[in-house]
$ cat model_17.txt   # compact mmCIF, C-alpha atoms
# COMPACT_ATOMS: atom_id res chain seq x y z
CA MET Z 30 -17.02 1.57 -16.71
CA SER Z 31 -20.19 2.39 -14.75
CA THR Z 32 -21.39 5.94 -14.13
CA GLU Z 33 -20.63 5.44 -10.44
CA GLN Z 34 -17.04 4.49 -11.18
CA GLN Z 35 -16.63 7.52 -13.46
CA SER Z 36 -17.21 9.66 -10.36
CA THR Z 37 -14.31 7.97 -8.53
CA ALA Z 38 -10.67 9.02 -8.80
CA LEU Z 39 -7.45 7.62 -7.40
CA LEU Z 40 -5.01 9.87 -5.58
CA LEU Z 41 -1.36 8.81 -5.45
CA PHE Z 42 0.08 10.83 -2.58
CA LEU Z 43 3.85 10.41 -2.69
CA ARG Z 44 7.12 11.87 -1.52
CA ASN Z 45 9.93 12.45 -3.98
CA GLU Z 46 12.23 9.44 -4.11
CA GLN Z 47 15.11 11.41 -2.57
CA ASP Z 48 12.96 12.50 0.39
CA GLU Z 49 11.75 8.94 0.86
CA ALA Z 50 15.35 7.71 0.86
CA ARG Z 51 16.30 10.25 3.52
CA CYS Z 52 13.33 9.37 5.78
CA LYS Z 53 13.38 5.61 5.09
CA PRO Z 54 16.88 4.32 4.24
CA LEU Z 55 15.66 0.83 3.41
CA ALA Z 56 18.46 -0.23 1.08
CA GLY Z 57 21.58 0.89 2.92
CA SER Z 58 22.83 3.83 0.86
CA ARG Z 59 20.64 6.81 0.03
CA LYS Z 60 21.15 6.24 -3.69
CA ALA Z 61 19.98 2.61 -3.48
CA SER Z 62 17.03 3.60 -1.28
CA ALA Z 63 15.97 6.27 -3.78
CA ALA Z 64 16.12 3.68 -6.57
CA LEU Z 65 14.04 1.32 -4.45
CA PHE Z 66 11.31 3.91 -3.94
CA GLN Z 67 11.41 4.77 -7.63
CA ARG Z 68 10.58 1.12 -8.34
CA LEU Z 69 7.82 1.14 -5.73
CA ASN Z 70 6.36 4.29 -7.31
CA ARG Z 71 6.37 2.63 -10.72
CA TYR Z 72 4.70 -0.48 -9.33
CA THR Z 73 1.97 1.55 -7.59
CA LEU Z 74 1.37 3.62 -10.71
CA LYS Z 75 1.05 0.45 -12.79
CA GLN Z 76 -1.62 -0.93 -10.46
CA ALA Z 77 -3.53 2.37 -10.61
CA ARG Z 78 -3.43 2.50 -14.41
CA ARG Z 79 -4.79 -1.03 -14.69
CA THR Z 80 -8.01 -0.02 -12.93
CA GLY Z 81 -8.98 2.22 -15.86
CA LEU Z 82 -9.91 4.96 -13.37
CA PRO Z 83 -8.71 8.55 -13.55
CA PHE Z 84 -5.77 9.07 -11.22
CA PHE Z 85 -3.82 12.03 -9.95
CA ILE Z 86 -0.25 12.07 -8.65
CA ILE Z 87 0.50 14.72 -6.05
CA GLN Z 88 4.15 14.41 -5.18
CA GLY Z 89 6.84 16.40 -3.45
CA ASP Z 90 6.65 20.13 -4.18
CA GLN Z 91 3.09 19.77 -5.51
CA GLN Z 92 1.91 19.16 -1.95
CA VAL Z 93 0.71 22.29 -0.15
CA GLY Z 94 0.68 22.73 3.62
CA ALA Z 95 2.84 23.06 6.71
CA THR Z 96 2.19 19.56 8.09
CA PHE Z 97 1.67 16.11 6.61
CA GLY Z 98 -2.00 16.30 7.58
CA GLU Z 99 -2.49 19.64 5.86
CA ARG Z 100 -0.73 18.46 2.71
CA PHE Z 101 -2.79 15.26 2.59
CA ALA Z 102 -6.08 17.07 3.24
CA ASN Z 103 -5.30 19.67 0.58
CA ALA Z 104 -4.49 16.93 -1.92
CA TYR Z 105 -7.89 15.35 -1.30
CA GLN Z 106 -9.61 18.73 -1.64
CA SER Z 107 -7.89 19.44 -4.94
CA VAL Z 108 -9.31 16.22 -6.45
CA PHE Z 109 -12.79 16.78 -5.01
CA ASP Z 110 -12.68 20.30 -6.48
CA LEU Z 111 -12.36 18.73 -9.93
CA GLY Z 112 -15.86 17.33 -9.50
CA TYR Z 113 -15.24 13.77 -8.31
CA GLU Z 114 -17.62 12.38 -5.69
CA ARG Z 115 -15.23 9.70 -4.36
CA VAL Z 116 -11.47 9.77 -3.90
CA ILE Z 117 -9.28 6.80 -2.98
CA ALA Z 118 -5.80 7.69 -1.76
CA ILE Z 119 -2.84 5.33 -1.77
CA GLY Z 120 0.90 5.59 -1.22
CA ASN Z 121 3.83 3.54 -2.42
CA ASP Z 122 4.70 1.59 0.73
CA CYS Z 123 2.32 -1.38 0.51
CA PRO Z 124 3.65 -3.96 -1.99
CA GLU Z 125 0.56 -6.14 -1.52
CA LEU Z 126 -1.68 -3.42 -2.92
CA ASN Z 127 -2.81 -4.47 -6.39
CA THR Z 128 -5.40 -3.67 -9.03
CA GLY Z 129 -7.87 -6.15 -7.57
CA LEU Z 130 -7.77 -4.49 -4.16
CA LEU Z 131 -8.20 -1.07 -5.73
CA LEU Z 132 -11.27 -2.19 -7.66
CA GLN Z 133 -12.66 -3.79 -4.52
CA ALA Z 134 -12.25 -0.45 -2.77
CA VAL Z 135 -14.06 1.29 -5.63
CA HIS Z 136 -17.07 -1.02 -5.34
CA GLN Z 137 -17.17 -0.72 -1.55
CA LEU Z 138 -17.02 3.06 -1.71
CA GLU Z 139 -20.12 3.11 -3.91
CA ARG Z 140 -22.01 1.70 -0.89
CA ARG Z 141 -20.15 3.26 2.04
CA THR Z 142 -18.92 6.76 2.83
CA MET Z 143 -15.46 5.47 3.77
CA VAL Z 144 -13.27 2.49 2.91
CA LEU Z 145 -10.02 1.72 4.72
CA GLY Z 146 -7.14 -0.65 4.16
CA PRO Z 147 -5.57 -1.17 7.60
CA THR Z 148 -1.93 -1.98 8.24
CA ARG Z 149 -0.61 -4.16 11.03
CA ASP Z 150 1.07 -1.21 12.74
CA GLY Z 151 -2.11 0.85 13.20
CA GLY Z 152 -1.94 2.83 9.97
CA ALA Z 153 -3.77 2.63 6.65
CA TYR Z 154 -2.44 1.76 3.19
CA LEU Z 155 -5.64 2.94 1.48
CA ILE Z 156 -8.18 5.60 2.43
CA GLY Z 157 -11.29 6.09 0.33
CA LEU Z 158 -13.77 8.87 1.07
CA GLN Z 159 -17.00 10.10 -0.38
CA ARG Z 160 -17.23 13.86 -0.71
CA THR Z 161 -19.94 13.98 1.99
CA ALA Z 162 -17.59 12.30 4.49
CA PHE Z 163 -14.65 14.63 3.91
CA ASP Z 164 -14.01 17.36 6.49
CA ARG Z 165 -10.73 19.00 5.51
CA ALA Z 166 -9.95 20.47 8.95
CA ALA Z 167 -10.76 17.29 10.86
CA PHE Z 168 -8.85 15.20 8.34
CA ALA Z 169 -5.77 17.44 8.55
CA ASN Z 170 -5.71 17.22 12.35
CA LEU Z 171 -5.70 13.43 12.60
CA PRO Z 172 -2.65 11.85 14.32
CA TRP Z 173 -0.90 11.10 11.04
CA GLN Z 174 2.22 8.94 10.94
CA THR Z 175 1.39 7.33 14.29
CA ASP Z 176 0.03 3.92 15.28
CA THR Z 177 -3.36 5.42 16.22
CA VAL Z 178 -4.34 6.95 12.88
CA TYR Z 179 -6.46 3.97 11.78
CA VAL Z 180 -8.60 4.20 14.93
CA ALA Z 181 -8.86 7.97 14.47
CA LEU Z 182 -10.00 7.52 10.86
CA GLN Z 183 -12.73 5.13 11.97
CA ALA Z 184 -13.91 7.68 14.51
CA LEU Z 185 -14.47 10.23 11.73
CA ALA Z 186 -17.17 8.12 10.08
CA ASP Z 187 -20.83 8.78 10.85
CA HIS Z 188 -21.91 5.56 9.13
CA PRO Z 189 -20.56 1.99 8.89
CA ILE Z 190 -17.38 1.83 6.85
CA ALA Z 191 -15.92 -0.80 4.53
CA VAL Z 192 -12.66 -2.44 5.58
CA LEU Z 193 -10.28 -4.24 3.22
CA SER Z 194 -7.84 -6.97 4.16
CA THR Z 195 -5.09 -6.06 6.62
CA SER Z 196 -1.64 -5.66 5.08
CA PHE Z 197 1.77 -4.23 5.94
CA ASP Z 198 3.68 -1.13 4.96
CA ILE Z 199 7.42 -0.92 4.57
CA ASP Z 200 8.34 2.14 6.57
CA LYS Z 201 11.13 0.20 8.30
CA THR Z 202 13.87 -2.07 6.97
CA GLN Z 203 12.98 -4.74 9.53
CA THR Z 204 9.39 -4.86 8.26
CA LEU Z 205 10.49 -5.27 4.65
CA ARG Z 206 12.87 -8.06 5.57
CA ARG Z 207 10.27 -9.84 7.69
CA GLN Z 208 7.51 -9.56 5.07
CA PHE Z 209 9.67 -9.89 1.96
CA TRP Z 210 8.20 -13.25 0.97
CA ARG Z 211 4.79 -11.53 0.64
CA VAL Z 212 6.04 -9.07 -1.99
CA PRO Z 213 4.88 -9.92 -5.56
CA ALA Z 214 7.53 -11.95 -7.40
CA ALA Z 215 8.31 -9.41 -10.13
CA LEU Z 216 8.78 -6.61 -7.60
CA ARG Z 217 10.69 -8.92 -5.27
CA ARG Z 218 13.35 -9.59 -7.91
CA VAL Z 219 13.95 -5.87 -8.39
CA LEU Z 220 14.11 -5.14 -4.67
CA SER Z 221 16.50 -8.06 -4.16
CA ARG Z 222 18.99 -6.49 -6.53
CA LEU Z 223 18.73 -3.15 -4.78
CA MET Z 224 18.95 -4.51 -1.25
CA GLY Z 225 21.72 -7.01 -1.90
CA GLN Z 226 22.35 -10.55 -0.75
CA GLU Z 227 21.17 -10.01 2.82
CA ILE Z 228 17.50 -9.67 1.86
CA ALA Z 229 17.76 -12.70 -0.43
CA ALA Z 230 19.09 -14.77 2.47
CA VAL Z 231 16.23 -13.61 4.70
CA PHE Z 232 13.71 -14.49 1.99
CA GLN Z 233 15.23 -17.94 1.55
CA LEU Z 234 15.00 -18.55 5.30
CA HIS Z 235 11.30 -17.58 5.38
CA TRP Z 236 10.54 -19.61 2.24
CA THR Z 237 12.21 -22.74 3.64
CA ALA Z 238 10.25 -22.45 6.89
CA PHE Z 239 6.98 -21.86 5.00
CA ARG Z 240 7.60 -24.80 2.67
CA SER Z 241 8.38 -27.15 5.57
CA ALA Z 242 5.25 -26.08 7.45
CA PHE Z 243 3.12 -26.50 4.32
CA LEU Z 244 4.43 -30.00 3.62
CA ARG Z 245 3.77 -31.00 7.21
CA SER Z 246 0.23 -29.62 7.01
CA ILE Z 247 -0.69 -31.80 4.02
CA GLY Z 248 0.97 -34.86 5.46
CA LEU Z 249 3.58 -35.48 2.77
CA ARG Z 250 6.16 -38.12 3.55
CA ALA Z 251 9.40 -39.19 1.96
CA PRO Z 252 9.21 -41.64 -0.99
CA PRO Z 253 8.88 -45.32 0.08
CA SER Z 254 12.06 -47.28 0.57
CA ARG Z 255 13.23 -49.47 -2.32
CA ALA Z 256 12.74 -52.44 -0.03
CA PHE Z 257 8.99 -52.02 -0.41
CA LEU Z 258 8.97 -51.42 -4.21
$ encode --input "model_17.txt" --output "structure tokens"
Amino acid sequence: MSTEQQSTALLLFLRNEQDEARCKPLAGSRKASAALFQRLNRYTLKQARRTGLPFFIIQGDQQVGATFGERFANAYQSVFDLGYERVIAIGNDCPELNTGLLLQAVHQLERRTMVLGPTRDGGAYLIGLQRTAFDRAAFANLPWQTDTVYVALQALADHPIAVLSTSFDIDKTQTLRRQFWRVPAALRRVLSRLMGQEIAAVFQLHWTAFRSAFLRSIGLRAPPSRAFL
């Protein structure tokens, strides 16, 4: 690991699974939703560990502040106070986030003061900041948990920022159902069991449509008739 990377830490900023289940009942019952978020937490933690970077989990009661913005800003400050020059924060609601994307963010943040992973609904699934770009008060007062936070984050930067590929977050059941085919296979199997047969049927519908469109795009045809063999 390079000296630059040794100055970078990951921040996993998470709710407790029970709080997630109450705010985002994605799997029907609260118990099933809590189990779903437990799996998502494990998946996110696995991706973070694979980077080889130091990481810090600030979850539930460990978060300090009256608002989401204050709690998030204080979490950043606590990691910067440990001596790290760059902090990359992630949550648990972007199944497409993987080790490769995290390492890409690390390399980009060595060259830029900010790196963002935008979501399709105007949010961000990843926020990386250099210490020099972090203003705790301004950061805390951003319009968090709205569809304008990504634009507001961009406005904080004094220099050009790095932007990763756009992805989705699963803050709503409809989004998870619509994007389920994009979830990594291993995680998809687990979520299917938790969400029941309905999500499997939705996935099958999307997969059939995708497969048909793909076959049309490459011009495949049915096998020749026996009359021509």
$ residues_around --input "model_17.txt" --residues "stretch 87-103 of chain Z" --least-positions-apart "5" --cutoff "12 Å" --atoms "all atoms listed in the file" --output "ChimeraX atom specification"
/Z:39-49,70,108-110,116,118-121,156,158,163-175,178
$ atom_distance --input "model_17.txt" --atom1 "atom CA of Z:His136" --atom2 "atom CA of Z:Ile190"
12.5 Å
$ atom_distance --input "model_17.txt" --atom1 "atom CA of Z:Tyr113" --atom2 "atom CA of Z:Arg160"
7.9 Å
$ atom_distance --input "model_17.txt" --atom1 "atom CA of Z:Asp122" --atom2 "atom CA of Z:Pro147"
12.7 Å
$ closest_residue --input "model_17.txt" --among "Z:Leu193, Z:Ile117, Z:Ala104, Z:Leu155" --to "Z:Ala38" --atoms "all atoms listed in the file"
Z:Ile117
$ closest_residue --input "model_17.txt" --among "Z:Gly129, Z:Pro124, Z:Gly146, Z:Gly112" --to "Z:Leu182" --atoms "all atoms listed in the file"
Z:Gly146
$ closest_residue --input "model_17.txt" --among "Z:Ser194, Z:Ser62, Z:Gln35, Z:Gln183" --to "Z:Gln133" --atoms "only C-alpha atoms"
Z:Ser194
$ closest_residue --input "model_17.txt" --among "Z:Leu111, Z:Asp198, Z:Gly151, Z:Thr161" --to "Z:Leu126" --atoms "all atoms listed in the file"
Z:Asp198
$ axis_aligned_box --input "model_17.txt" --around "stretch 101-106 of chain Z" --padding-each-side "6 Å" --output "AutoDock Vina command-line options"
--center_x -6.2 --center_y 17.5 --center_z 0.7 --size_x 18.8 --size_y 16.4 --size_z 17.2
$ closest_residue --input "model_17.txt" --among "Z:Leu138, Z:Leu65, Z:Leu185, Z:Ala153" --to "Z:Ser36" --atoms "only C-alpha atoms"
Z:Leu138
$ build_atoms --input "model_17.txt" --residues "stretch 137-155 of chain Z" --atoms "N, CA, C and O atoms" --output "mmCIF file, in the coordinates of the input"
data_model
loop_
_atom_site.group_PDB
_atom_site.id
_atom_site.type_symbol
_atom_site.label_atom_id
_atom_site.label_comp_id
_atom_site.auth_asym_id
_atom_site.auth_seq_id
_atom_site.Cartn_x
_atom_site.Cartn_y
_atom_site.Cartn_z
ATOM 1 N N GLN Z 137 -16.733 -0.936 -2.935
ATOM 2 C CA GLN Z 137 -17.170 -0.720 -1.550
ATOM 3 C C GLN Z 137 -17.531 0.741 -1.314
ATOM 4 O O GLN Z 137 -18.478 1.046 -0.585
ATOM 5 N N LEU Z 138 -16.772 1.641 -1.940
ATOM 6 C CA LEU Z 138 -17.020 3.060 -1.710
ATOM 7 C C LEU Z 138 -18.299 3.539 -2.391
ATOM 8 O O LEU Z 138 -18.828 4.600 -2.051
ATOM 9 N N GLU Z 139 -18.828 2.773 -3.317
ATOM 10 C CA GLU Z 139 -20.120 3.110 -3.910
ATOM 11 C C GLU Z 139 -21.253 2.872 -2.914
ATOM 12 O O GLU Z 139 -22.339 3.446 -3.044
ATOM 13 N N ARG Z 140 -20.975 2.062 -1.872
ATOM 14 C CA ARG Z 140 -22.010 1.700 -0.890
ATOM 15 C C ARG Z 140 -21.755 2.303 0.485
ATOM 16 O O ARG Z 140 -22.642 2.326 1.326
ATOM 17 N N ARG Z 141 -20.532 2.722 0.739
ATOM 18 C CA ARG Z 141 -20.150 3.260 2.040
ATOM 19 C C ARG Z 141 -19.504 4.630 1.851
ATOM 20 O O ARG Z 141 -18.974 4.948 0.799
ATOM 21 N N THR Z 142 -19.517 5.428 2.927
ATOM 22 C CA THR Z 142 -18.920 6.760 2.830
ATOM 23 C C THR Z 142 -17.410 6.713 3.026
ATOM 24 O O THR Z 142 -16.715 7.694 2.715
ATOM 25 N N MET Z 143 -16.896 5.594 3.536
ATOM 26 C CA MET Z 143 -15.460 5.470 3.770
ATOM 27 C C MET Z 143 -15.038 4.019 3.595
ATOM 28 O O MET Z 143 -15.757 3.099 3.973
ATOM 29 N N VAL Z 144 -13.864 3.818 2.996
ATOM 30 C CA VAL Z 144 -13.270 2.490 2.910
ATOM 31 C C VAL Z 144 -11.816 2.612 3.345
ATOM 32 O O VAL Z 144 -11.114 3.554 2.956
ATOM 33 N N LEU Z 145 -11.369 1.672 4.176
ATOM 34 C CA LEU Z 145 -10.020 1.720 4.720
ATOM 35 C C LEU Z 145 -9.297 0.406 4.474
ATOM 36 O O LEU Z 145 -9.900 -0.672 4.545
ATOM 37 N N GLY Z 146 -8.011 0.517 4.206
ATOM 38 C CA GLY Z 146 -7.140 -0.650 4.160
ATOM 39 C C GLY Z 146 -6.178 -0.561 5.326
ATOM 40 O O GLY Z 146 -5.218 0.218 5.283
ATOM 41 N N PRO Z 147 -6.420 -1.301 6.400
ATOM 42 C CA PRO Z 147 -5.570 -1.170 7.600
ATOM 43 C C PRO Z 147 -4.223 -1.859 7.456
ATOM 44 O O PRO Z 147 -4.089 -2.836 6.721
ATOM 45 N N THR Z 148 -3.235 -1.327 8.158
ATOM 46 C CA THR Z 148 -1.930 -1.980 8.240
ATOM 47 C C THR Z 148 -1.763 -2.560 9.640
ATOM 48 O O THR Z 148 -2.449 -2.168 10.592
ATOM 49 N N ARG Z 149 -0.813 -3.461 9.756
ATOM 50 C CA ARG Z 149 -0.610 -4.160 11.030
ATOM 51 C C ARG Z 149 -0.050 -3.242 12.114
ATOM 52 O O ARG Z 149 -0.103 -3.599 13.302
ATOM 53 N N ASP Z 150 0.481 -2.106 11.751
ATOM 54 C CA ASP Z 150 1.070 -1.210 12.740
ATOM 55 C C ASP Z 150 0.153 -0.054 13.123
ATOM 56 O O ASP Z 150 0.591 0.941 13.701
ATOM 57 N N GLY Z 151 -1.145 -0.164 12.791
ATOM 58 C CA GLY Z 151 -2.110 0.850 13.200
ATOM 59 C C GLY Z 151 -2.329 1.968 12.212
ATOM 60 O O GLY Z 151 -3.030 2.946 12.507
ATOM 61 N N GLY Z 152 -1.745 1.830 11.012
ATOM 62 C CA GLY Z 152 -1.940 2.830 9.970
ATOM 63 C C GLY Z 152 -2.944 2.379 8.931
ATOM 64 O O GLY Z 152 -3.763 1.489 9.166
ATOM 65 N N ALA Z 153 -2.860 2.980 7.750
ATOM 66 C CA ALA Z 153 -3.770 2.630 6.650
ATOM 67 C C ALA Z 153 -3.013 2.755 5.335
ATOM 68 O O ALA Z 153 -2.370 3.781 5.084
ATOM 69 N N TYR Z 154 -3.092 1.710 4.497
ATOM 70 C CA TYR Z 154 -2.440 1.760 3.190
ATOM 71 C C TYR Z 154 -3.367 2.289 2.111
ATOM 72 O O TYR Z 154 -2.927 2.608 1.004
ATOM 73 N N LEU Z 155 -4.648 2.425 2.427
ATOM 74 C CA LEU Z 155 -5.640 2.940 1.480
ATOM 75 C C LEU Z 155 -6.725 3.658 2.269
ATOM 76 O O LEU Z 155 -7.194 3.149 3.295
#
